[in-house]
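Data from query-v9.pdb: PDB, C-alpha atoms, pLDDT in the B column
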ATOM      1  CA  MET A 889      39.629  13.401 -10.633  1.00 48.00           C
ATOM      2  CA  GLY A 890      36.767  10.960 -11.202  1.00 68.00           C
ATOM      3  CA  PHE A 891      38.379   8.409  -8.893  1.00 71.00           C
ATOM      4  CA  ILE A 892      38.878  10.968  -6.117  1.00 78.00           C
ATOM      5  CA  LYS A 893      35.247  12.048  -6.404  1.00 79.00           C
ATOM      6  CA  TYR A 894      34.139   8.404  -6.294  1.00 76.00           C
ATOM      7  CA  VAL A 895      36.220   7.715  -3.175  1.00 77.00           C
ATOM      8  CA  LYS A 896      34.769  10.760  -1.412  1.00 82.00           C
ATOM      9  CA  GLU A 897      31.241   9.626  -2.253  1.00 82.00           C
ATOM     10  CA  GLU A 898      31.971   6.104  -0.963  1.00 79.00           C
ATOM     11  CA  ILE A 899      33.421   7.491   2.262  1.00 81.00           C
ATOM     12  CA  ASN A 900      30.251   9.494   2.852  1.00 83.00           C
ATOM     13  CA  ILE A 901      28.019   6.499   2.052  1.00 85.00           C
ATOM     14  CA  ILE A 902      29.885   4.103   4.344  1.00 83.00           C
ATOM     15  CA  ARG A 903      30.187   6.571   7.212  1.00 81.00           C
ATOM     16  CA  ASP A 904      26.488   7.384   6.932  1.00 82.00           C
ATOM     17  CA  ARG A 905      25.353   3.729   7.063  1.00 83.00           C
ATOM     18  CA  ASP A 906      27.988   1.904   9.107  1.00 78.00           C
ATOM     19  CA  PRO A 907      28.599   3.111  12.674  1.00 79.00           C
ATOM     20  CA  ALA A 908      31.655   0.819  12.937  1.00 80.00           C
ATOM     21  CA  ILE A 909      33.844   3.009  10.728  1.00 81.00           C
ATOM     22  CA  LYS A 910      36.065   5.400  12.686  1.00 81.00           C
ATOM     23  CA  SER A 911      38.202   7.060  10.013  1.00 81.00           C
ATOM     24  CA  ASN A 912      38.069   7.869   6.317  1.00 83.00           C
ATOM     25  CA  MET A 913      41.058   5.639   5.593  1.00 84.00           C
ATOM     26  CA  GLU A 914      39.087   2.578   6.690  1.00 82.00           C
ATOM     27  CA  VAL A 915      36.989   2.809   3.539  1.00 81.00           C
ATOM     28  CA  PHE A 916      39.892   1.292   1.598  1.00 84.00           C
ATOM     29  CA  LEU A 917      39.630  -1.844   3.750  1.00 85.00           C
ATOM     30  CA  TYR A 918      35.933  -2.397   3.072  1.00 84.00           C
ATOM     31  CA  PRO A 919      35.038  -5.287   0.730  1.00 88.00           C
ATOM     32  CA  SER A 920      32.033  -3.216  -0.366  1.00 88.00           C
ATOM     33  CA  PHE A 921      34.270  -0.405  -1.599  1.00 88.00           C
ATOM     34  CA  LYS A 922      36.547  -2.754  -3.530  1.00 90.00           C
ATOM     35  CA  ALA A 923      33.713  -4.788  -5.012  1.00 93.00           C
ATOM     36  CA  ILE A 924      31.723  -1.782  -6.209  1.00 92.00           C
ATOM     37  CA  MET A 925      34.806   0.025  -7.539  1.00 90.00           C
ATOM     38  CA  TRP A 926      35.833  -2.966  -9.656  1.00 93.00           C
ATOM     39  CA  TYR A 927      32.226  -3.559 -10.692  1.00 94.00           C
ATOM     40  CA  ARG A 928      32.155  -0.053 -12.208  1.00 92.00           C
ATOM     41  CA  VAL A 929      35.254  -0.887 -14.257  1.00 93.00           C
ATOM     42  CA  ALA A 930      33.919  -4.298 -15.311  1.00 96.00           C
ATOM     43  CA  HIS A 931      30.528  -2.860 -16.230  1.00 96.00           C
ATOM     44  CA  LYS A 932      32.093  -0.340 -18.608  1.00 94.00           C
ATOM     45  CA  LEU A 933      33.977  -3.173 -20.302  1.00 96.00           C
ATOM     46  CA  TYR A 934      30.794  -5.249 -20.450  1.00 96.00           C
ATOM     47  CA  VAL A 935      28.838  -2.430 -22.095  1.00 96.00           C
ATOM     48  CA  LYS A 936      31.610  -2.197 -24.716  1.00 95.00           C
ATOM     49  CA  LYS A 937      31.240  -5.975 -25.274  1.00 95.00           C
ATOM     50  CA  HIS A 938      34.605  -6.875 -23.766  1.00 96.00           C
ATOM     51  CA  TYR A 939      32.860  -9.738 -22.011  1.00 95.00           C
ATOM     52  CA  PHE A 940      35.889 -11.868 -21.142  1.00 96.00           C
ATOM     53  CA  LEU A 941      37.797  -9.006 -19.507  1.00 96.00           C
ATOM     54  CA  ALA A 942      34.665  -7.896 -17.668  1.00 96.00           C
ATOM     55  CA  ARG A 943      34.061 -11.390 -16.269  1.00 96.00           C
ATOM     56  CA  LEU A 944      37.748 -11.803 -15.435  1.00 96.00           C
ATOM     57  CA  ILE A 945      37.639  -8.690 -13.254  1.00 96.00           C
ATOM     58  CA  SER A 946      34.346  -9.656 -11.596  1.00 95.00           C
ATOM     59  CA  GLN A 947      35.511 -13.199 -10.805  1.00 95.00           C
ATOM     60  CA  LYS A 948      38.816 -12.022  -9.342  1.00 95.00           C
ATOM     61  CA  THR A 949      36.915  -9.478  -7.246  1.00 95.00           C
ATOM     62  CA  ALA A 950      34.497 -12.169  -6.043  1.00 95.00           C
ATOM     63  CA  ARG A 951      37.379 -14.343  -4.859  1.00 94.00           C
ATOM     64  CA  LYS A 952      38.980 -11.447  -2.976  1.00 93.00           C
ATOM     65  CA  THR A 953      35.874  -9.904  -1.420  1.00 94.00           C
ATOM     66  CA  GLY A 954      33.241 -12.644  -1.265  1.00 94.00           C
ATOM     67  CA  ILE A 955      30.917 -10.345  -3.228  1.00 96.00           C
ATOM     68  CA  GLU A 956      29.920 -11.501  -6.714  1.00 96.00           C
ATOM     69  CA  ILE A 957      28.464  -8.788  -8.943  1.00 96.00           C
ATOM     70  CA  HIS A 958      27.917  -9.713 -12.567  1.00 97.00           C
ATOM     71  CA  PRO A 959      29.311  -6.933 -14.795  1.00 96.00           C
ATOM     72  CA  GLY A 960      26.049  -6.866 -16.737  1.00 96.00           C
ATOM     73  CA  ALA A 961      24.027  -5.720 -13.706  1.00 96.00           C
ATOM     74  CA  LYS A 962      22.878  -2.098 -13.673  1.00 96.00           C
ATOM     75  CA  ILE A 963      23.533  -0.370 -10.354  1.00 96.00           C
ATOM     76  CA  GLY A 964      22.673   3.214  -9.422  1.00 93.00           C
ATOM     77  CA  LYS A 965      24.543   5.548  -7.104  1.00 91.00           C
ATOM     78  CA  GLY A 966      24.851   4.990  -3.385  1.00 90.00           C
ATOM     79  CA  LEU A 967      24.932   1.180  -3.197  1.00 93.00           C
ATOM     80  CA  PHE A 968      26.236  -0.009   0.181  1.00 92.00           C
ATOM     81  CA  ILE A 969      26.991  -3.665   0.920  1.00 93.00           C
ATOM     82  CA  ASP A 970      27.565  -4.241   4.633  1.00 89.00           C
ATOM     83  CA  HIS A 971      30.041  -7.063   5.411  1.00 86.00           C
ATOM     84  CA  GLY A 972      29.177  -8.529   2.037  1.00 86.00           C
ATOM     85  CA  HIS A 973      30.280 -12.166   2.213  1.00 91.00           C
ATOM     86  CA  GLY A 974      28.003 -14.338   0.119  1.00 94.00           C
ATOM     87  CA  VAL A 975      26.321 -11.455  -1.739  1.00 96.00           C
ATOM     88  CA  VAL A 976      25.385 -12.370  -5.318  1.00 96.00           C
ATOM     89  CA  ILE A 977      23.956  -9.924  -7.875  1.00 97.00           C
ATOM     90  CA  GLY A 978      22.879 -11.477 -11.174  1.00 95.00           C
ATOM     91  CA  GLU A 979      23.490 -10.315 -14.731  1.00 95.00           C
ATOM     92  CA  THR A 980      20.124  -8.663 -15.427  1.00 96.00           C
ATOM     93  CA  ALA A 981      19.579  -7.252 -11.938  1.00 96.00           C
ATOM     94  CA  VAL A 982      18.802  -3.532 -11.782  1.00 97.00           C
ATOM     95  CA  LEU A 983      19.394  -1.533  -8.593  1.00 97.00           C
ATOM     96  CA  GLY A 984      18.180   2.015  -8.044  1.00 95.00           C
ATOM     97  CA  GLU A 985      19.926   4.627  -5.915  1.00 94.00           C
ATOM     98  CA  ASN A 986      20.855   4.283  -2.225  1.00 93.00           C
ATOM     99  CA  VAL A 987      20.237   0.533  -2.018  1.00 95.00           C
ATOM    100  CA  THR A 988      21.617  -1.290   1.031  1.00 94.00           C
ATOM    101  CA  LEU A 989      22.431  -5.015   1.000  1.00 96.00           C
ATOM    102  CA  TYR A 990      23.647  -7.094   3.931  1.00 94.00           C
ATOM    103  CA  GLN A 991      25.689 -10.300   3.930  1.00 93.00           C
ATOM    104  CA  GLY A 992      24.328 -13.407   2.269  1.00 94.00           C
ATOM    105  CA  VAL A 993      21.872 -11.557   0.007  1.00 96.00           C
ATOM    106  CA  THR A 994      21.104 -13.075  -3.394  1.00 96.00           C
ATOM    107  CA  LEU A 995      19.526 -11.166  -6.258  1.00 96.00           C
ATOM    108  CA  GLY A 996      19.089 -14.146  -8.531  1.00 94.00           C
ATOM    109  CA  GLY A 997      16.914 -15.909 -11.064  1.00 91.00           C
ATOM    110  CA  THR A 998      14.672 -18.944 -10.792  1.00 85.00           C
ATOM    111  CA  GLY A 999      16.308 -20.778 -13.679  1.00 79.00           C
ATOM    112  CA  LYS A1000      13.121 -20.554 -15.757  1.00 72.00           C
ATOM    113  CA  GLU A1001      13.275 -17.093 -17.307  1.00 72.00           C
ATOM    114  CA  LYS A1002      15.045 -15.910 -20.419  1.00 80.00           C
ATOM    115  CA  GLY A1003      16.170 -12.354 -21.086  1.00 88.00           C
ATOM    116  CA  LYS A1004      15.444 -10.314 -17.931  1.00 92.00           C
ATOM    117  CA  ARG A1005      15.946 -12.995 -15.274  1.00 94.00           C
ATOM    118  CA  HIS A1006      16.846 -11.080 -12.127  1.00 96.00           C
ATOM    119  CA  PRO A1007      15.012  -8.609  -9.866  1.00 96.00           C
ATOM    120  CA  THR A1008      14.777  -4.851 -10.119  1.00 96.00           C
ATOM    121  CA  LEU A1009      15.169  -2.904  -6.859  1.00 97.00           C
ATOM    122  CA  GLY A1010      13.835   0.647  -6.590  1.00 95.00           C
ATOM    123  CA  ASP A1011      15.507   3.505  -4.726  1.00 95.00           C
ATOM    124  CA  ASN A1012      16.209   3.280  -0.964  1.00 95.00           C
ATOM    125  CA  VAL A1013      15.540  -0.467  -0.739  1.00 95.00           C
ATOM    126  CA  MET A1014      17.104  -2.373   2.165  1.00 95.00           C
ATOM    127  CA  VAL A1015      17.651  -6.135   1.905  1.00 95.00           C
ATOM    128  CA  SER A1016      18.565  -7.724   5.243  1.00 93.00           C
ATOM    129  CA  ALA A1017      21.057 -10.523   5.907  1.00 93.00           C
ATOM    130  CA  GLY A1018      20.468 -13.824   4.147  1.00 93.00           C
ATOM    131  CA  ALA A1019      17.457 -12.688   2.123  1.00 95.00           C
ATOM    132  CA  LYS A1020      16.921 -14.094  -1.374  1.00 96.00           C
ATOM    133  CA  ILE A1021      15.070 -12.213  -4.111  1.00 96.00           C
ATOM    134  CA  LEU A1022      14.550 -14.544  -7.049  1.00 95.00           C
ATOM    135  CA  GLY A1023      12.977 -13.684 -10.392  1.00 93.00           C
ATOM    136  CA  SER A1024      12.383 -10.872 -12.860  1.00 93.00           C
ATOM    137  CA  PHE A1025      10.027  -8.635 -10.877  1.00 94.00           C
ATOM    138  CA  THR A1026      10.295  -5.308  -9.071  1.00 95.00           C
ATOM    139  CA  VAL A1027      10.786  -4.503  -5.408  1.00 96.00           C
ATOM    140  CA  GLY A1028       9.298  -1.031  -5.044  1.00 94.00           C
ATOM    141  CA  SER A1029      11.210   1.953  -3.709  1.00 94.00           C
ATOM    142  CA  ASN A1030      11.556   2.548   0.053  1.00 93.00           C
ATOM    143  CA  SER A1031      10.871  -1.120   0.857  1.00 94.00           C
ATOM    144  CA  LYS A1032      12.485  -3.446   3.421  1.00 94.00           C
ATOM    145  CA  ILE A1033      13.139  -7.154   2.999  1.00 94.00           C
ATOM    146  CA  GLY A1034      13.539  -8.968   6.334  1.00 92.00           C
ATOM    147  CA  SER A1035      16.423 -11.280   7.239  1.00 91.00           C
ATOM    148  CA  GLY A1036      16.218 -14.759   5.722  1.00 92.00           C
ATOM    149  CA  SER A1037      13.184 -13.943   3.581  1.00 93.00           C
ATOM    150  CA  VAL A1038      12.699 -15.555   0.168  1.00 94.00           C
ATOM    151  CA  VAL A1039      10.896 -13.153  -2.161  1.00 94.00           C
ATOM    152  CA  VAL A1040       9.522 -14.539  -5.430  1.00 92.00           C
ATOM    153  CA  SER A1041       6.856 -12.002  -6.426  1.00 91.00           C
ATOM    154  CA  GLU A1042       6.286  -8.276  -6.906  1.00 93.00           C
ATOM    155  CA  VAL A1043       6.665  -5.971  -3.899  1.00 93.00           C
ATOM    156  CA  PRO A1044       4.789  -2.637  -3.886  1.00 93.00           C
ATOM    157  CA  PRO A1045       6.655   0.547  -2.886  1.00 93.00           C
ATOM    158  CA  ASN A1046       6.907   1.457   0.818  1.00 92.00           C
ATOM    159  CA  SER A1047       6.446  -2.162   1.929  1.00 91.00           C
ATOM    160  CA  THR A1048       7.962  -4.472   4.523  1.00 91.00           C
ATOM    161  CA  VAL A1049       8.350  -8.107   3.461  1.00 92.00           C
ATOM    162  CA  VAL A1050       9.258 -11.060   5.685  1.00 91.00           C
ATOM    163  CA  GLY A1051       8.979 -14.832   5.664  1.00 87.00           C
ATOM    164  CA  VAL A1052       9.389 -17.844   3.373  1.00 85.00           C
ATOM    165  CA  PRO A1053       7.917 -17.278   0.920  1.00 85.00           C
ATOM    166  CA  GLY A1054       8.142 -13.545   1.501  1.00 83.00           C
ATOM    167  CA  ARG A1055       4.941 -11.609   1.892  1.00 86.00           C
ATOM    168  CA  VAL A1056       4.066  -7.997   2.540  1.00 87.00           C
ATOM    169  CA  VAL A1057       3.272  -7.458   6.215  1.00 85.00           C
ATOM    170  CA  LYS A1058       3.403  -3.692   6.307  1.00 76.00           C
ATOM    171  CA  ARG A1059       2.345  -1.150   3.729  1.00 74.00           C
ATOM    172  CA  ASP A1060       1.176   2.092   5.214  1.00 63.00           C
ATOM    173  CA  GLY A1061       2.043   4.485   2.429  1.00 54.00           C
ATOM    174  CA  VAL A1062       4.683   6.226   4.535  1.00 51.00           C
ATOM    175  CA  LYS A1063       8.108   6.229   2.972  1.00 45.00           C
ATOM    176  CA  LEU A1064      10.827   4.616   5.059  1.00 41.00           C
ATOM    177  CA  PRO A1065      13.582   7.124   5.867  1.00 49.00           C
ATOM    178  CA  GLN A1066      16.998   6.693   4.238  1.00 45.00           C
ATOM    179  CA  ASN A1067      18.758   6.019   7.541  1.00 46.00           C
ATOM    180  CA  ASP A1068      16.241   3.477   8.793  1.00 52.00           C
ATOM    181  CA  LEU A1069      18.397   0.338   8.591  1.00 50.00           C
ATOM    182  CA  ASN A1070      16.816  -1.597  11.458  1.00 55.00           C
ATOM    183  CA  GLN A1071      16.852  -5.280  10.459  1.00 52.00           C
ATOM    184  CA  THR A1072      15.287  -6.669  13.620  1.00 49.00           C
ATOM    185  CA  ASP A1073      12.088  -4.777  14.472  1.00 54.00           C
ATOM    186  CA  LEU A1074      10.063  -6.201  11.599  1.00 56.00           C
ATOM    187  CA  PRO A1075       6.687  -7.945  11.871  1.00 59.00           C
ATOM    188  CA  ASN A1076       6.759 -11.754  12.197  1.00 60.00           C
ATOM    189  CA  PRO A1077       4.081 -13.316   9.946  1.00 60.00           C
ATOM    190  CA  ASN A1078       4.383 -16.739  11.605  1.00 61.00           C
ATOM    191  CA  LEU A1079       3.765 -15.221  15.035  1.00 63.00           C
ATOM    192  CA  MET A1080       0.866 -13.231  13.587  1.00 66.00           C
ATOM    193  CA  ASP A1081      -0.679 -16.455  12.228  1.00 68.00           C
ATOM    194  CA  ILE A1082      -0.193 -18.223  15.568  1.00 76.00           C
ATOM    195  CA  ASN A1083      -1.841 -15.334  17.428  1.00 73.00           C
ATOM    196  CA  HIS A1084      -4.737 -15.415  14.962  1.00 73.00           C
ATOM    197  CA  LEU A1085      -5.190 -19.161  15.474  1.00 80.00           C
ATOM    198  CA  GLN A1086      -5.073 -18.690  19.243  1.00 82.00           C
ATOM    199  CA  ARG A1087      -7.832 -16.073  19.062  1.00 82.00           C
ATOM    200  CA  GLU A1088      -9.964 -18.342  16.855  1.00 84.00           C
ATOM    201  CA  ASN A1089      -9.351 -21.284  19.189  1.00 83.00           C
ATOM    202  CA  GLU A1090     -10.430 -19.213  22.197  1.00 84.00           C
ATOM    203  CA  GLU A1091     -13.596 -18.132  20.389  1.00 86.00           C
ATOM    204  CA  LEU A1092     -14.415 -21.764  19.540  1.00 86.00           C
ATOM    205  CA  ARG A1093     -13.811 -22.774  23.160  1.00 86.00           C
ATOM    206  CA  ASN A1094     -16.241 -20.083  24.338  1.00 85.00           C
ATOM    207  CA  ILE A1095     -18.869 -21.190  21.826  1.00 87.00           C
ATOM    208  CA  LEU A1096     -18.452 -24.852  22.834  1.00 86.00           C
ATOM    209  CA  THR A1097     -18.681 -23.957  26.535  1.00 87.00           C
ATOM    210  CA  GLN A1098     -21.907 -22.025  25.985  1.00 86.00           C
ATOM    211  CA  PHE A1099     -23.318 -24.867  23.900  1.00 83.00           C
ATOM    212  CA  MET A1100     -22.526 -27.476  26.581  1.00 85.00           C
ATOM    213  CA  LYS A1101     -24.158 -25.304  29.239  1.00 84.00           C
ATOM    214  CA  HIS A1102     -27.253 -25.043  27.050  1.00 83.00           C
ATOM    215  CA  VAL A1103     -27.331 -28.843  26.607  1.00 81.00           C
ATOM    216  CA  GLU A1104     -26.958 -29.397  30.360  1.00 83.00           C
ATOM    217  CA  ARG A1105     -29.827 -26.987  31.120  1.00 83.00           C
ATOM    218  CA  ALA A1106     -32.020 -28.734  28.569  1.00 79.00           C
ATOM    219  CA  GLU A1107     -31.212 -32.150  30.045  1.00 79.00           C
ATOM    220  CA  ARG A1108     -32.012 -30.964  33.596  1.00 79.00           C
ATOM    221  CA  LYS A1109     -35.285 -29.472  32.434  1.00 77.00           C
ATOM    222  CA  GLU A1110     -36.226 -32.670  30.600  1.00 76.00           C
ATOM    223  CA  LYS A1111     -35.414 -34.815  33.666  1.00 75.00           C
ATOM    224  CA  LYS A1112     -37.441 -32.531  35.903  1.00 72.00           C
ATOM    225  CA  ASN A1113     -40.466 -32.882  33.604  1.00 72.00           C
ATOM    226  CA  GLU A1114     -40.112 -36.666  33.678  1.00 69.00           C
ATOM    227  CA  ASP A1115     -40.064 -36.681  37.489  1.00 65.00           C
ATOM    228  CA  ILE A1116     -43.283 -34.691  37.575  1.00 62.00           C
TER     229      ILE A1116
END
Rewritten as structure tokens:
Amino acid sequence: MGFIKYVKEEINIIRDRDPAIKSNMEVFLYPSFKAIMWYRVAHKLYVKKHYFLARLISQKTARKTGIEIHPGAKIGKGLFIDHGHGVVIGETAVLGENVTLYQGVTLGGTGKEKGKRHPTLGDNVMVSAGAKILGSFTVGSNSKIGSGSVVVSEVPPNSTVVGVPGRVVKRDGVKLPQNDLNQTDLPNPNLMDINHLQRENEELRNILTQFMKHVERAERKEKKNEDI
């Protein structure tokens, strides 16, 4: 009965967040479904200290799906991993409810910490393709991490983070809706910096132009006085 309930929940999650699915039966073909199902089994074994069996299941699942979830990670309800190849979730990672991860995402450590080494993601967090979140800090609920970003420090709730290293470029206090999975229309901090430099350059040009005009007027006035 528990398995049937789990399958129904997964069907609803996948159909809600992936427009490519056309029928309920397709859920059984999804790497995300297989990886999360076997993670739940491995995690129960891990909690009971059956570490070898837990790792055996997780490693076999990683080879079959391309999604590596350490059985020690703590994952809430509603996780959806789209495509999934190259996704890595570390041992001490903690994921809240309704988290969405795209392909190539890493929730890893920096190699320096002991104990809690991996990130904590709040509820309704979306991590776009290829993003890396490295370290034992928290990404606040309702936040978005842009494609290819490398995040190495705390992220407040309701934030949008992009870039390498990742930085918050949007935080307006408005919670991002659950179905807002747009990976592309995110601010570009590099373009913002370039635009800022262009504005400063234009201001300096204007100041220099005015200064040169002032110098020219002064020189003409001085020459005129000499002629007199």
If you take all atoms listed in the file and a cut-off of 8 Å, which residues of range 956-1034 of chain A touch range 891-909 of chain A, and what are their nearest atom pairs and distances in Å to one decimal, in chain and number order, as a tab-separated table?
residue	atom	partner	partner_atom	distance
A:Gly966	CA	A:Ile901	CA	6.5
A:Phe968	CA	A:Ile902	CA	6.9
A:Asp970	CA	A:Asp906	CA	7.6
Restricted to C-alpha atoms, what would the selected residues look like written as a PDB file, in the frame of the given file?
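File written: result_7.pdb
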ATOM      1  CA  GLY A 966      24.851   4.990  -3.385  1.00 90.00           C
ATOM      2  CA  PHE A 968      26.236  -0.009   0.181  1.00 92.00           C
ATOM      3  CA  ASP A 970      27.565  -4.241   4.633  1.00 89.00           C
TER       4      ASP A 970
END
Could you list, as a ChimeraX atom specification, every residue within 12 Å of Trp926 in chain A, counting only C-alpha atoms and ignoring same-chain residues fewer than 5 positions away? /A:891,894,919-921,931-933,941-950,952-953,955-959
Please, could you write that set of residues out with C-alpha atoms as a PDB file, keeping the file's coordinate frame?
ATOM      1  CA  PHE A 891      38.379   8.409  -8.893  1.00 71.00           C
ATOM      2  CA  TYR A 894      34.139   8.404  -6.294  1.00 76.00           C
ATOM      3  CA  PRO A 919      35.038  -5.287   0.730  1.00 88.00           C
ATOM      4  CA  SER A 920      32.033  -3.216  -0.366  1.00 88.00           C
ATOM      5  CA  PHE A 921      34.270  -0.405  -1.599  1.00 88.00           C
ATOM      6  CA  HIS A 931      30.528  -2.860 -16.230  1.00 96.00           C
ATOM      7  CA  LYS A 932      32.093  -0.340 -18.608  1.00 94.00           C
ATOM      8  CA  LEU A 933      33.977  -3.173 -20.302  1.00 96.00           C
ATOM      9  CA  LEU A 941      37.797  -9.006 -19.507  1.00 96.00           C
ATOM     10  CA  ALA A 942      34.665  -7.896 -17.668  1.00 96.00           C
ATOM     11  CA  ARG A 943      34.061 -11.390 -16.269  1.00 96.00           C
ATOM     12  CA  LEU A 944      37.748 -11.803 -15.435  1.00 96.00           C
ATOM     13  CA  ILE A 945      37.639  -8.690 -13.254  1.00 96.00           C
ATOM     14  CA  SER A 946      34.346  -9.656 -11.596  1.00 95.00           C
ATOM     15  CA  GLN A 947      35.511 -13.199 -10.805  1.00 95.00           C
ATOM     16  CA  LYS A 948      38.816 -12.022  -9.342  1.00 95.00           C
ATOM     17  CA  THR A 949      36.915  -9.478  -7.246  1.00 95.00           C
ATOM     18  CA  ALA A 950      34.497 -12.169  -6.043  1.00 95.00           C
ATOM     19  CA  LYS A 952      38.980 -11.447  -2.976  1.00 93.00           C
ATOM     20  CA  THR A 953      35.874  -9.904  -1.420  1.00 94.00           C
ATOM     21  CA  ILE A 955      30.917 -10.345  -3.228  1.00 96.00           C
ATOM     22  CA  GLU A 956      29.920 -11.501  -6.714  1.00 96.00           C
ATOM     23  CA  ILE A 957      28.464  -8.788  -8.943  1.00 96.00           C
ATOM     24  CA  HIS A 958      27.917  -9.713 -12.567  1.00 97.00           C
ATOM     25  CA  PRO A 959      29.311  -6.933 -14.795  1.00 96.00           C
TER      26      PRO A 959
END
Residues matched by the PyMOL selection byres ((chain A and resi 962) around 8), written as a ChimeraX atom specification: /A:960-961,963-964,980-983
Give me, please, the distance in Å between CA of Leu1022 in chain A and CA of Thr1048 in chain A, quoted to one decimal. 16.7 Å
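Across the structure, CA of Val976 in chain A and CA of Gly1003 in chain A are spaced 18.3 Å apart.
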Could you check which residues have any atom within 6 Å of (5.6, -1.5, 5.9), counting all atoms listed in the file with coordinates taken straight from the file, and then list them as number ranges by chain? A: 1047-1048, 1058-1060
Straight-line distance linking CA of Arg1105 in chain A with CA of Asn1089 in chain A, stated in Å to one decimal: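 Separating CA of Arg1105 in chain A from CA of Asn1089 in chain A is a distance of 24.4 Å.
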